[in-house]
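Here is the structure we will look at.
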Amino acid sequence: MDRWYRILAMLVLTASALPAVAQDYPIRPIRVIASQGAGGLSDVWMRAVADQLGPLLGGTVVVEDRAGAAGTIGARACAESTPDGYTFCIISTEAMVINPVINPVAGFEPMKALVPVTKAFYLQQVFAVTEVIKVKSFEQLAALAKAKPKTLNYMSASLTKTAFVEEFNRKHGIDLLRVPFKGGGDAINSMMTNTTQIAIFGIGNLIELIRNGKIVGLAVDGDERSPLDPSIPTFRQAGYTQHLAPTFFGIYAPVGTPRPFIDKFQAGVAKVAGNPEFQKRHMYSRALTAVLNTPDEFAKQLAQERIEGLEAIKASGLYPNIK
């Protein structure tokens, strides 16, 4: 019995000491793993945050790229790190919600191995077509696909958008064909050579081509039009009411990371990235919308995203074995 009293006393003392420890945190460099790779949106954004976050916390924040397997490599590296408050990661919706269902990794479930810190930002995506095909609306696209079956290809960086296209195919009795791609650069080159006629990607990646008329935007996701080109309607305004929330990137920590450290890190990120000057310099031109919510708020949203992600997987028709 005395042994259990001593253990209980130690736990109480440890818990009461954490707030004091958090005041001194950090005492060594904090690492943030970016799962998208060098030059990716999350990598660039996180490095911009880190430059100001380190001094704000009284330490150093370094970004380490762990790209591959659609974000799973970075997520796993983060989850397997010591949960001491000195490792965080920035992960996409796909890596957290979609990949574990369609490409599960034995012994690794990111929703159980990582804890939410904050939803960093939304990335607004645009449904765009090459100017060469002379299409200005979804109706015209459907008509062209009917007239020239199996000649139009599309690329999508999001399974919810893939589900939209597959439903669009079924609705109109057409066959827009999905093709693989290596990255944003590969997608743009494919469109410029008219090898692929349709792409659904971040509008920030395509905006200059839209502005010079080489690509036409038919719709953007989310509830509001993009300030980068307000002439492009939302999917809902274009007549499509499916849930097509923008893709988001979130910051996570390994399970077991002390909550005071998570709270301090989240507050620092929110202060840096919530600054209007930071957003003007690092976010607006890339069509990124800051969220920066609390860990508890993010956890609730993530649970809902998982439900909607499963619905998108089923709706896509690409994975008939998933129930």
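A note on labels: chains of the structure tokens are A, B, ... as shown, every chain counts residues from 1, and ligands are counted from 1 in their shown order.
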Any chance you could tabulate, as JSON lines, the residues of region 16-128 of chain A at most 9 Å from region 293-305 of chain A with each one's nearest atom pair and distance in Å to one decimal, using only C-alpha atoms, in chain and rising number order?
{"residue": "A:Thr93", "atom": "CA", "partner": "A:Glu305", "partner_atom": "CA", "distance": 8.2}
{"residue": "A:Met96", "atom": "CA", "partner": "A:Leu302", "partner_atom": "CA", "distance": 8.9}
{"residue": "A:Val97", "atom": "CA", "partner": "A:Glu305", "partner_atom": "CA", "distance": 7.2}
{"residue": "A:Met111", "atom": "CA", "partner": "A:Leu302", "partner_atom": "CA", "distance": 8.9}
{"residue": "A:Val115", "atom": "CA", "partner": "A:Ala299", "partner_atom": "CA", "distance": 7.9}
{"residue": "A:Pro116", "atom": "CA", "partner": "A:Pro295", "partner_atom": "CA", "distance": 5.5}
{"residue": "A:Val117", "atom": "CA", "partner": "A:Pro295", "partner_atom": "CA", "distance": 4.6}
{"residue": "A:Thr118", "atom": "CA", "partner": "A:Asn293", "partner_atom": "CA", "distance": 5.3}
{"residue": "A:Lys119", "atom": "CA", "partner": "A:Phe298", "partner_atom": "CA", "distance": 5.9}
{"residue": "A:Ala120", "atom": "CA", "partner": "A:Asn293", "partner_atom": "CA", "distance": 7.8}
Counting only C-alpha atoms, what is within 10 Å of Ala315 (chain A), bar same-chain residues fewer than 3 positions away, as a PyMOL selection string? chain A and resi 159-160+162-164+166-167+309-312+318-320
Would you export the selected residues with N, CA and C atoms as a compact mmCIF listing (two decimals), in the first residue's frame, please?
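Everything below was put into result12.txt:
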# COMPACT_ATOMS: atom_id res chain seq x y z
N LEU A 159 -8.71 13.54 -52.61
CA LEU A 159 -9.68 12.49 -52.89
C LEU A 159 -11.10 13.03 -52.89
N THR A 160 -11.39 14.09 -52.11
CA THR A 160 -12.74 14.65 -52.15
C THR A 160 -13.02 15.24 -53.53
N THR A 162 -11.50 14.15 -56.30
CA THR A 162 -11.61 12.98 -57.17
C THR A 162 -13.02 12.41 -57.09
N ALA A 163 -13.57 12.36 -55.89
CA ALA A 163 -14.95 11.88 -55.72
C ALA A 163 -15.92 12.77 -56.49
N PHE A 164 -15.67 14.06 -56.47
CA PHE A 164 -16.53 14.99 -57.22
C PHE A 164 -16.49 14.66 -58.71
N GLU A 166 -15.66 11.83 -60.21
CA GLU A 166 -16.28 10.54 -60.50
C GLU A 166 -17.80 10.63 -60.45
N GLU A 167 -18.33 11.42 -59.52
CA GLU A 167 -19.77 11.65 -59.47
C GLU A 167 -20.22 12.46 -60.69
N GLY A 309 -14.12 12.19 -44.76
CA GLY A 309 -13.11 11.57 -45.61
C GLY A 309 -13.51 10.17 -46.03
N LEU A 310 -14.07 9.42 -45.08
CA LEU A 310 -14.55 8.07 -45.40
C LEU A 310 -15.69 8.12 -46.42
N GLU A 311 -16.55 9.11 -46.28
CA GLU A 311 -17.63 9.28 -47.24
C GLU A 311 -17.08 9.58 -48.63
N ALA A 312 -16.03 10.41 -48.68
CA ALA A 312 -15.42 10.77 -49.96
C ALA A 312 -14.77 9.55 -50.61
N LEU A 318 -13.40 4.49 -56.32
CA LEU A 318 -12.07 3.97 -56.67
C LEU A 318 -11.62 2.85 -55.75
N TYR A 319 -12.30 2.72 -54.60
CA TYR A 319 -11.90 1.70 -53.62
C TYR A 319 -13.14 0.93 -53.18
N PRO A 320 -13.67 0.07 -54.05
CA PRO A 320 -14.93 -0.63 -53.76
C PRO A 320 -14.88 -1.58 -52.57
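For the set A:Lys280, A:Pro246, A:Ala70, A:Pro100, the residue with the smallest atom-to-atom gap to Phe181 (chain A) is A:Ala70, counting only C-alpha atoms.
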Minimum-distance residue to Ser316 (chain A), chosen among A:Arg28, A:Arg178, A:Lys148, A:Arg47 (using only C-alpha atoms): A:Arg178
To test your reading of the structure, identify every residue in region 29-119 of chain A that backbone DSSP assigns to strand (DSSP E), and report it as a PyMOL selection string. chain A and resi 30-34+61-65+87-92+114-119
